[in-house]
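Data block for structure-v1.txt (compact mmCIF, C-alpha atoms):
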# COMPACT_ATOMS: atom_id res chain seq x y z
CA MET U 1 0.00 0.00 0.00
CA ASP U 2 1.23 3.49 -0.90
CA ILE U 3 0.47 5.22 2.41
CA SER U 4 0.69 8.75 1.02
CA GLU U 5 -1.72 7.99 -1.83
CA TYR U 6 -4.06 6.12 0.56
CA MET U 7 -4.22 9.03 3.01
CA GLN U 8 -4.69 11.56 0.19
CA THR U 9 -7.68 9.52 -0.99
CA ILE U 10 -9.14 9.44 2.51
CA GLY U 11 -8.56 13.18 2.81
CA ARG U 12 -10.31 13.96 -0.48
CA GLN U 13 -13.26 11.77 0.48
CA ALA U 14 -13.50 13.41 3.89
CA ARG U 15 -13.45 16.91 2.40
CA ALA U 16 -16.27 16.01 -0.01
CA ALA U 17 -18.26 14.31 2.76
CA SER U 18 -17.81 17.29 5.10
CA ARG U 19 -19.95 19.42 2.79
CA ALA U 20 -22.77 16.88 2.89
CA MET U 21 -22.44 16.57 6.68
CA ALA U 22 -22.66 20.35 7.08
CA ARG U 23 -25.73 20.55 4.80
CA ALA U 24 -27.63 17.78 6.60
CA ASP U 25 -30.33 18.91 8.98
CA GLY U 26 -30.24 18.10 12.67
CA ALA U 27 -32.90 15.39 12.41
CA THR U 28 -30.83 13.48 9.83
CA ARG U 29 -27.67 13.68 11.90
CA ASN U 30 -29.56 12.55 15.00
CA ARG U 31 -31.05 9.63 13.09
CA ALA U 32 -27.55 8.47 12.14
CA LEU U 33 -26.50 8.59 15.80
CA LEU U 34 -29.50 6.58 16.95
CA LEU U 35 -28.90 3.96 14.27
CA ILE U 36 -25.25 3.68 15.34
CA ALA U 37 -26.29 3.33 19.00
CA ASP U 38 -28.78 0.58 18.09
CA ALA U 39 -26.17 -1.27 16.01
CA ILE U 40 -23.59 -1.16 18.83
CA GLU U 41 -26.17 -2.42 21.32
CA ARG U 42 -27.18 -5.20 18.91
CA ASP U 43 -23.60 -6.32 18.25
CA SER U 44 -22.15 -5.83 21.74
CA ALA U 45 -21.10 -9.49 22.03
CA GLN U 46 -19.14 -9.29 18.77
CA LEU U 47 -17.47 -6.09 19.94
CA VAL U 48 -16.40 -7.72 23.21
CA ALA U 49 -14.99 -10.65 21.23
CA ALA U 50 -13.05 -8.31 18.90
CA ASN U 51 -11.74 -6.45 21.92
CA ALA U 52 -10.65 -9.74 23.50
CA ARG U 53 -8.49 -10.43 20.42
CA ASP U 54 -6.89 -7.01 20.80
CA LEU U 55 -6.29 -7.55 24.53
CA ASP U 56 -4.69 -10.96 23.96
CA ALA U 57 -2.31 -9.50 21.40
CA ALA U 58 -1.55 -6.49 23.63
CA ARG U 59 -0.70 -8.69 26.62
CA ALA U 60 1.53 -10.85 24.46
CA ALA U 61 3.30 -7.71 23.26
CA GLY U 62 3.88 -6.59 26.87
CA LEU U 63 1.65 -3.50 26.75
CA ALA U 64 1.81 -1.43 29.95
CA PRO U 65 -1.00 -1.92 32.51
CA ALA U 66 -2.24 1.65 32.01
CA LEU U 67 -2.67 1.04 28.27
CA LEU U 68 -4.32 -2.33 28.85
CA ASP U 69 -6.81 -0.57 31.10
CA ARG U 70 -7.58 1.95 28.36
CA LEU U 71 -7.88 -0.80 25.75
CA ALA U 72 -10.39 -2.93 27.64
CA LEU U 73 -14.00 -2.71 26.42
CA SER U 74 -16.47 -4.29 28.82
CA GLU U 75 -20.23 -4.65 28.45
CA LYS U 76 -20.55 -1.73 30.85
CA ALA U 77 -18.22 0.39 28.71
CA ILE U 78 -20.26 -0.47 25.62
CA ALA U 79 -23.46 0.54 27.43
CA THR U 80 -21.78 3.83 28.35
CA MET U 81 -20.86 4.43 24.70
CA VAL U 82 -24.46 3.81 23.64
CA ASP U 83 -25.75 6.07 26.40
CA GLY U 84 -23.27 8.74 25.31
CA LEU U 85 -24.56 8.67 21.73
CA ARG U 86 -28.14 9.01 22.92
CA GLN U 87 -27.13 11.88 25.18
CA ILE U 88 -25.58 13.60 22.17
CA VAL U 89 -28.85 13.18 20.27
CA ALA U 90 -30.70 14.90 23.12
CA LEU U 91 -28.38 17.92 23.04
CA PRO U 92 -29.42 21.05 21.14
CA ASP U 93 -28.14 21.22 17.58
CA PRO U 94 -25.46 23.92 17.55
CA ILE U 95 -25.16 24.23 13.77
CA GLY U 96 -26.72 27.30 12.20
CA GLU U 97 -27.46 28.98 15.52
CA ILE U 98 -27.21 32.76 15.19
CA SER U 99 -26.34 34.78 18.28
CA ASN U 100 -25.23 38.25 19.39
CA MET U 101 -27.37 40.04 16.81
CA LYS U 102 -26.93 43.82 16.97
CA PHE U 103 -28.09 46.73 14.84
CA ARG U 104 -25.31 49.09 13.81
CA PRO U 105 -25.74 52.85 13.19
CA SER U 106 -25.38 52.16 9.46
CA GLY U 107 -28.58 50.12 9.52
CA ILE U 108 -26.99 46.70 9.05
CA GLN U 109 -27.59 43.90 11.56
CA VAL U 110 -24.49 41.93 12.61
CA GLY U 111 -24.40 38.56 14.38
CA GLN U 112 -22.48 35.30 14.60
CA MET U 113 -23.44 31.90 13.21
CA ARG U 114 -22.10 28.62 14.60
CA VAL U 115 -20.67 26.39 11.85
CA PRO U 116 -18.73 23.09 11.64
CA LEU U 117 -14.94 23.16 11.53
CA GLY U 118 -14.96 20.82 8.51
CA VAL U 119 -12.73 17.73 8.70
CA ILE U 120 -11.49 16.58 12.10
CA GLY U 121 -8.54 14.16 12.29
CA ILE U 122 -8.42 12.18 15.53
CA ILE U 123 -5.28 10.20 16.42
CA TYR U 124 -5.51 8.02 19.51
CA GLU U 125 -3.99 5.06 21.26
CA ALA U 126 -5.73 2.07 22.84
CA ARG U 127 -9.18 3.41 23.78
CA PRO U 128 -11.74 1.94 21.34
CA ASN U 129 -14.48 4.03 22.97
CA VAL U 130 -12.85 7.09 21.37
CA THR U 131 -13.91 5.73 17.98
CA VAL U 132 -17.56 6.06 18.95
CA ASP U 133 -17.25 9.24 21.03
CA ALA U 134 -15.38 11.01 18.24
CA ALA U 135 -17.70 9.77 15.51
CA GLY U 136 -20.78 10.80 17.48
CA LEU U 137 -19.58 14.30 18.25
CA CYS U 138 -18.34 14.91 14.71
CA ILE U 139 -21.61 13.74 13.18
CA LYS U 140 -23.74 15.84 15.55
CA SER U 141 -21.60 18.94 14.91
CA GLY U 142 -21.79 18.53 11.13
CA ASN U 143 -18.14 17.60 10.65
CA ALA U 144 -16.46 14.76 8.79
CA ALA U 145 -13.94 12.67 10.73
CA ILE U 146 -10.80 10.70 9.96
CA LEU U 147 -10.03 8.35 12.84
CA ARG U 148 -6.62 6.79 13.26
CA GLY U 149 -6.67 4.45 16.26
CA GLY U 150 -3.70 2.57 17.62
CA SER U 151 -2.61 -0.78 16.20
CA GLU U 152 -3.40 -2.40 19.55
CA ALA U 153 -7.16 -1.78 19.03
CA ILE U 154 -7.37 -2.55 15.31
CA HIS U 155 -9.89 -5.41 15.50
CA CYS U 156 -12.31 -3.54 17.74
CA ASN U 157 -11.95 -0.29 15.78
CA ARG U 158 -12.69 -2.03 12.49
CA ALA U 159 -15.81 -3.58 13.99
CA LEU U 160 -16.96 -0.21 15.33
CA ALA U 161 -16.19 1.50 12.01
CA ALA U 162 -18.52 -0.92 10.21
CA LEU U 163 -21.34 -0.07 12.63
CA VAL U 164 -20.76 3.67 12.23
CA ALA U 165 -20.86 3.27 8.43
CA GLU U 166 -24.10 1.31 8.75
CA GLY U 167 -25.69 4.13 10.74
CA LEU U 168 -24.56 6.81 8.29
CA ARG U 169 -25.93 4.82 5.33
CA GLY U 170 -29.22 4.26 7.10
CA ALA U 171 -29.65 8.01 7.61
CA GLY U 172 -28.76 8.85 4.02
CA LEU U 173 -25.39 10.40 4.89
CA PRO U 174 -22.10 9.54 3.14
CA GLU U 175 -20.15 6.68 4.70
CA GLN U 176 -17.02 8.80 4.18
CA GLY U 177 -18.39 11.16 6.82
CA VAL U 178 -16.49 9.00 9.32
CA GLN U 179 -13.49 7.03 8.05
CA VAL U 180 -11.29 4.76 10.15
CA VAL U 181 -7.74 4.44 8.81
CA GLU U 182 -7.31 0.74 8.03
CA THR U 183 -3.52 0.58 8.05
CA VAL U 184 -1.45 0.35 11.24
CA ASP U 185 1.57 1.83 9.45
CA ARG U 186 2.75 4.85 11.45
CA ALA U 187 3.43 6.72 8.23
CA ALA U 188 -0.34 7.28 8.06
CA VAL U 189 -0.07 9.59 11.07
CA GLY U 190 2.68 11.63 9.44
CA ALA U 191 0.55 11.98 6.32
CA MET U 192 -2.61 12.99 8.18
CA ILE U 193 -0.96 15.75 10.18
CA THR U 194 0.53 17.32 7.06
CA MET U 195 -2.64 17.54 4.93
CA PRO U 196 -4.01 21.02 5.73
CA GLU U 197 -5.77 21.06 2.37
CA TYR U 198 -8.02 18.22 3.61
CA VAL U 199 -7.86 18.28 7.42
CA ASP U 200 -8.92 21.37 9.39
CA VAL U 201 -7.90 20.32 12.90
CA ILE U 202 -6.10 17.40 14.55
CA VAL U 203 -7.15 16.02 17.94
CA PRO U 204 -4.46 13.74 19.40
CA ARG U 205 -5.46 11.45 22.26
CA GLY U 206 -2.61 9.32 23.47
CA GLY U 207 0.62 9.20 25.37
CA LYS U 208 3.02 12.05 25.88
CA GLY U 209 5.36 10.71 23.20
CA LEU U 210 2.66 10.75 20.53
CA ILE U 211 1.49 14.26 21.34
CA ALA U 212 5.04 15.63 21.61
CA ARG U 213 5.77 14.22 18.15
CA LEU U 214 2.64 15.78 16.69
CA MET U 215 3.42 19.16 18.24
CA LYS U 216 6.74 19.14 16.37
CA GLU U 217 5.56 17.79 13.02
CA SER U 218 1.95 18.83 12.45
CA THR U 219 1.13 21.53 9.91
CA VAL U 220 -2.55 21.26 10.89
CA PRO U 221 -3.85 23.12 14.01
CA MET U 222 -4.37 20.89 17.06
CA ILE U 223 -6.71 20.64 20.04
CA LYS U 224 -4.64 18.80 22.64
CA HIS U 225 -3.17 18.40 26.08
CA LEU U 226 0.25 16.93 26.78
CA ASP U 227 0.08 15.84 30.44
CA GLY U 228 -2.51 15.27 33.12
CA ILE U 229 -0.66 16.40 36.24
CA CYS U 230 -3.73 16.97 38.42
CA HIS U 231 -3.81 18.17 42.03
CA VAL U 232 -6.13 17.92 45.02
CA TYR U 233 -5.60 20.49 47.78
CA ILE U 234 -7.09 19.73 51.21
CA ASP U 235 -7.59 23.09 52.87
CA ALA U 236 -7.27 23.80 56.59
CA LYS U 237 -11.04 24.31 56.65
CA ALA U 238 -11.90 21.09 54.84
CA ASP U 239 -14.55 18.65 56.01
CA ILE U 240 -12.50 15.49 56.56
CA ALA U 241 -15.56 13.33 55.83
CA LYS U 242 -15.48 14.79 52.31
CA ALA U 243 -11.70 15.02 51.94
CA LEU U 244 -10.94 11.32 52.50
CA PRO U 245 -13.20 9.83 49.79
CA ILE U 246 -12.36 12.62 47.34
CA ALA U 247 -8.60 12.09 47.70
CA MET U 248 -9.04 8.32 47.53
CA ASN U 249 -11.27 8.40 44.46
CA ALA U 250 -9.18 10.99 42.62
CA LYS U 251 -6.14 8.69 42.84
CA THR U 252 -7.40 5.12 42.85
CA HIS U 253 -10.63 5.08 40.80
CA ARG U 254 -8.51 4.55 37.69
CA TYR U 255 -4.75 5.01 37.42
CA GLY U 256 -4.38 5.32 33.65
CA THR U 257 -6.52 8.39 32.97
CA CYS U 258 -5.50 11.99 32.43
CA ASN U 259 -7.84 13.29 35.16
CA THR U 260 -6.34 11.12 37.90
CA MET U 261 -4.74 13.02 40.79
CA GLU U 262 -0.94 12.83 40.70
CA THR U 263 -0.11 15.28 43.54
CA LEU U 264 -1.88 15.70 46.88
CA LEU U 265 -1.41 18.97 48.77
CA VAL U 266 -2.48 19.23 52.40
CA ALA U 267 -2.63 22.33 54.58
CA ARG U 268 -0.18 22.19 57.48
CA ALA U 269 -2.88 22.78 60.12
CA ILE U 270 -4.79 19.65 59.12
CA ALA U 271 -2.00 17.40 57.79
CA PRO U 272 -1.29 15.46 61.06
CA THR U 273 -4.97 14.50 61.17
CA VAL U 274 -5.68 13.84 57.50
CA LEU U 275 -2.52 12.17 56.21
CA PRO U 276 -2.51 9.13 58.57
CA GLN U 277 -6.16 8.44 57.72
CA LEU U 278 -5.46 8.71 54.01
CA ALA U 279 -2.42 6.48 54.38
CA GLU U 280 -4.64 3.73 55.81
CA LEU U 281 -6.91 4.02 52.78
CA TYR U 282 -4.06 4.10 50.26
CA LYS U 283 -2.46 1.08 51.93
CA THR U 284 -5.43 -1.05 50.83
CA LYS U 285 -4.49 -0.26 47.22
CA GLU U 286 -0.71 -0.41 47.79
CA VAL U 287 -0.26 3.15 46.57
CA GLU U 288 3.35 4.34 46.77
CA LEU U 289 3.58 7.76 48.44
CA ARG U 290 6.43 10.10 47.49
CA ALA U 291 6.41 12.66 50.26
CA ASP U 292 8.11 15.96 51.02
CA PRO U 293 9.98 16.16 54.37
CA GLU U 294 6.95 17.27 56.42
CA ALA U 295 4.66 14.62 54.97
CA LEU U 296 7.47 12.06 55.30
CA ALA U 297 7.68 12.68 59.04
CA ILE U 298 3.91 12.32 59.47
CA LEU U 299 3.71 9.16 57.36
CA GLN U 300 6.59 7.23 58.99
CA GLY U 301 5.64 3.56 59.18
CA TYR U 302 3.62 3.57 55.96
CA PRO U 303 4.87 0.53 54.01
CA HIS U 304 5.14 2.16 50.57
CA LEU U 305 6.86 5.44 51.36
CA MET U 306 9.64 7.33 49.58
CA ALA U 307 11.15 10.79 49.81
CA ALA U 308 9.94 13.00 46.98
CA VAL U 309 12.40 14.59 44.58
CA GLU U 310 11.86 17.64 42.37
CA GLU U 311 10.85 15.53 39.38
CA ASP U 312 7.94 13.99 41.31
CA TRP U 313 6.06 17.29 41.23
CA ARG U 314 6.32 17.28 37.41
CA THR U 315 5.39 13.64 36.78
CA GLU U 316 2.21 12.08 35.43
CA TYR U 317 2.58 8.60 36.92
CA LEU U 318 -0.48 6.84 35.44
CA ALA U 319 0.22 4.29 38.18
CA PRO U 320 -0.42 3.69 41.90
CA ILE U 321 2.11 6.37 42.85
CA LEU U 322 1.19 9.69 44.49
CA ALA U 323 3.31 12.74 45.30
CA VAL U 324 2.35 14.29 48.67
CA LYS U 325 3.28 17.72 49.98
CA VAL U 326 2.37 19.69 53.08
CA VAL U 327 1.78 23.38 52.31
CA ALA U 328 1.38 26.32 54.67
CA ASP U 329 -1.95 27.52 53.31
CA ILE U 330 -3.98 28.19 50.18
CA ASP U 331 -1.41 30.72 48.93
CA GLU U 332 1.33 28.10 48.82
CA ALA U 333 -1.06 25.55 47.34
CA ILE U 334 -2.03 27.86 44.47
CA GLU U 335 1.61 28.81 43.89
CA HIS U 336 2.65 25.13 43.74
CA ILE U 337 -0.21 24.20 41.38
CA ASN U 338 0.38 27.06 38.97
CA ARG U 339 4.09 26.19 38.89
CA TYR U 340 3.88 22.43 38.37
CA SER U 341 0.42 21.73 36.98
CA SER U 342 -0.16 20.76 33.35
CA LYS U 343 -3.26 23.02 33.51
CA HIS U 344 -5.64 20.09 33.21
CA THR U 345 -7.71 19.67 36.41
CA GLU U 346 -7.31 20.76 40.05
CA ALA U 347 -9.59 20.45 43.08
CA ILE U 348 -9.86 22.07 46.51
CA VAL U 349 -11.60 20.50 49.49
CA THR U 350 -12.81 23.26 51.79
CA GLU U 351 -15.83 24.60 53.65
CA ASP U 352 -14.53 28.17 53.39
CA TYR U 353 -16.34 30.10 50.65
CA THR U 354 -13.59 32.70 50.28
CA ASP U 355 -10.89 30.05 49.84
CA ALA U 356 -13.07 28.16 47.36
CA MET U 357 -13.66 31.25 45.22
CA ARG U 358 -9.98 32.25 45.36
CA PHE U 359 -9.03 28.77 44.16
CA LEU U 360 -11.53 28.94 41.29
CA ARG U 361 -10.31 32.37 40.20
CA GLU U 362 -6.56 32.00 40.67
CA VAL U 363 -5.78 28.43 39.62
CA ASP U 364 -4.96 28.54 35.91
CA SER U 365 -6.29 25.18 34.70
CA ALA U 366 -8.94 24.01 32.25
CA SER U 367 -11.12 22.49 35.02
CA VAL U 368 -11.11 23.73 38.61
CA MET U 369 -13.30 22.04 41.23
CA VAL U 370 -14.57 22.56 44.76
CA ASN U 371 -15.29 19.51 46.94
CA ALA U 372 -15.28 16.99 44.08
CA SER U 373 -12.92 14.38 42.65
CA THR U 374 -10.78 15.32 39.66
CA ARG U 375 -12.16 12.18 37.98
CA PHE U 376 -15.27 14.21 37.06
CA ALA U 377 -13.24 16.15 34.45
CA ASP U 378 -14.86 14.32 31.59
CA GLY U 379 -17.22 15.26 28.78
CA PHE U 380 -19.76 12.59 29.72
CA GLU U 381 -19.81 13.72 33.36
CA TYR U 382 -20.09 17.36 32.30
CA GLY U 383 -23.21 16.59 30.29
CA LEU U 384 -21.55 16.98 26.89
CA GLY U 385 -22.71 13.48 25.92
CA ALA U 386 -19.12 12.56 25.19
CA GLU U 387 -15.84 14.30 24.57
CA ILE U 388 -13.45 14.25 21.68
CA GLY U 389 -10.56 15.11 23.99
CA ILE U 390 -9.45 17.53 26.67
CA SER U 391 -7.64 20.74 25.84
CA ASN U 392 -5.41 22.66 28.22
CA ASP U 393 -4.79 25.31 25.58
CA LYS U 394 -6.46 28.70 25.98
CA LEU U 395 -7.41 29.37 22.37
CA HIS U 396 -10.58 28.04 20.74
CA ALA U 397 -11.39 25.20 23.16
CA ARG U 398 -10.48 24.54 26.79
CA GLY U 399 -11.29 21.58 29.03
CA PRO U 400 -13.40 18.65 27.78
CA VAL U 401 -14.14 19.32 24.10
CA GLY U 402 -17.72 18.58 23.12
CA LEU U 403 -19.97 19.94 20.39
CA GLU U 404 -19.11 23.62 20.70
CA GLY U 405 -15.40 22.83 20.63
CA LEU U 406 -15.89 21.24 17.20
CA THR U 407 -17.55 24.34 15.78
CA SER U 408 -16.52 27.88 14.96
CA LEU U 409 -18.29 31.20 14.67
CA LYS U 410 -18.50 33.27 11.54
CA TYR U 411 -19.97 36.76 11.27
CA VAL U 412 -23.21 37.15 9.38
CA VAL U 413 -24.62 40.49 8.22
CA PHE U 414 -28.21 41.33 7.28
CA GLY U 415 -28.77 44.50 5.31
CA HIS U 416 -31.56 46.39 3.59
CA GLY U 417 -29.58 47.85 0.70
CA GLU U 418 -27.15 49.83 2.87
CA ILE U 419 -23.86 50.99 1.37
CA ARG U 420 -20.82 52.26 3.21
CA VAL U 421 -20.13 56.00 2.90

Transcribe the structure of this file into structure tokens.
Amino acid sequence: MDISEYMQTIGRQARAASRAMARADGATRNRALLLIADAIERDSAQLVAANARDLDAARAAGLAPALLDRLALSEKAIATMVDGLRQIVALPDPIGEISNMKFRPSGIQVGQMRVPLGVIGIIYEARPNVTVDAAGLCIKSGNAAILRGGSEAIHCNRALAALVAEGLRGAGLPEQGVQVVETVDRAAVGAMITMPEYVDVIVPRGGKGLIARLMKESTVPMIKHLDGICHVYIDAKADIAKALPIAMNAKTHRYGTCNTMETLLVARAIAPTVLPQLAELYKTKEVELRADPEALAILQGYPHLMAAVEEDWRTEYLAPILAVKVVADIDEAIEHINRYSSKHTEAIVTEDYTDAMRFLREVDSASVMVNASTRFADGFEYGLGAEIGISNDKLHARGPVGLEGLTSLKYVVFGHGEIRV
């Protein structure tokens, strides 16, 4: 296979399909989504079997536990995908919405219309659910999609691609509206990210190495985040009954996700009370704690304890490892977060309204939370139906990227024969 020619063909087909996707009315796009959801529900057993083939091959290849976790597709995960598609259907159609209409002194009326971006290229590793989430959001937002999943999920992705194509056909939309790249050759990625004539934006979802490579090589704009170095700060005025389950869930609910807590900060006034109780909880999961000197002194006797080094504050572990630091107060907590965070998700546990509002205003991250686990930083949990990725950039889209993040605004002008003088 000539990879360059193959990707050029996919690109041309996507560009042509994007026009049909943008023209389609909301009812047609919703019908496609419902047909895809029904097909996934119908063929869930076959999808689990395809995923099992991928998992067997991944284990044999020595894939890391975090990636195996992302690759696994259970019946529950399939039900969540189906639910996500139906949630997307229930969301208002953003395309064609006109807002901010104003009359100007000249007599013209000026507003903004929400429109699709065009062709979205999504590059991702492991997670087969991304195939459905990305397809669903792109269809709903009137975009065409080119999906390049990792080689480790090829069987499951091919099976899902067939169901997506079935749904598009059933709704009278072009199958090329969502294309899954069939080759596992990495040259396909290099081709996709250098086709600005066909691809309007790239969304990379994968490991740091993949995204770092794309940041260097892509000639297409990207919506991305590089790391998920997330923090939970337990304030001096925290309710311990809330703090313990939040800090436990944020770290141990799943280790291999970008919204998992990697650094725990605890106010000095409450640290001697909170840290031993948390240590008992973390011990049940054999979480390794890498502690600063103050936390180290408090946690003596914990079986999985190490002294933290500078690099620990900058590390996304994606593993049962947690950096722990005692801070003087909210000022030091905010300073530490803004210095070391990847600007993904941070949380404060506090009953003090002033501290909560300061944290929300002053922490410079895409999602900032009060009295909730960082694990909620997710498009599904935010009511977006699904997400195509999470952005820690500040331009265009920030945080979980749902429908609005896959659209743009253009100015529209209504006149009555006015001319400029």

Open item on the list: Need the shell around Gly149 in chain U: protein/DNA/RNA residues with any atom at most 7 Å away, counting all atoms listed in the file. Skip same-chain ones fewer than 5 positions apart. Format as a list of chain:residue names?
Closed with: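 Final neighbour list, sorted by chain and number: U:Ile123, U:Tyr124, U:Glu125.
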
- [ ] Skip Val201 in chain U itself and residues of its chain fewer than 2 positions away, then list as a list of chain:residue names all residues within 9 Å of it, counting only C-alpha atoms.
- [x] U:Leu117, U:Gly118, U:Val119, U:Ile120, U:Gly121, U:Ile122, U:Ile193, U:Pro196, U:Val199, U:Val203, U:Val220, U:Pro221, U:Met222, U:Ile223

Task: 8 Å contact set for range 404-416 of chain U, only C-alpha atoms, chain neighbours under 5 positions out, as a PyMOL selection string - done: chain U and resi 94-95+107-117+137-138+141+143+396-397

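Among U:Glu97, U:Asp393, U:Glu75, U:Glu166, the residue with the shortest atom-to-atom distance to Ala37 in chain U, counting all atoms listed in the file, is U:Glu166.
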
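Shortest separation to Ile88 in chain U among U:Ala50, U:Leu281, U:Ile154, U:Leu403 occurs at residue U:Leu403, atoms counted being all atoms listed in the file.
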
Open item on the list: One number please: CA of Glu175 in chain U to CA of Pro92 in chain U, in Å, one decimal.
Closed with: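 For CA of Glu175 in chain U relative to CA of Pro92 in chain U, the distance reads 23.7 Å.
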
Open item on the list: Every residue with an atom at most 6 Å from (-25.1, 12.2, 26.9) (file coordinates; all atoms listed in the file) is what I'm after, so could you write them as a ChimeraX atom specification?
Closed with: /U:84,86-88,383-385
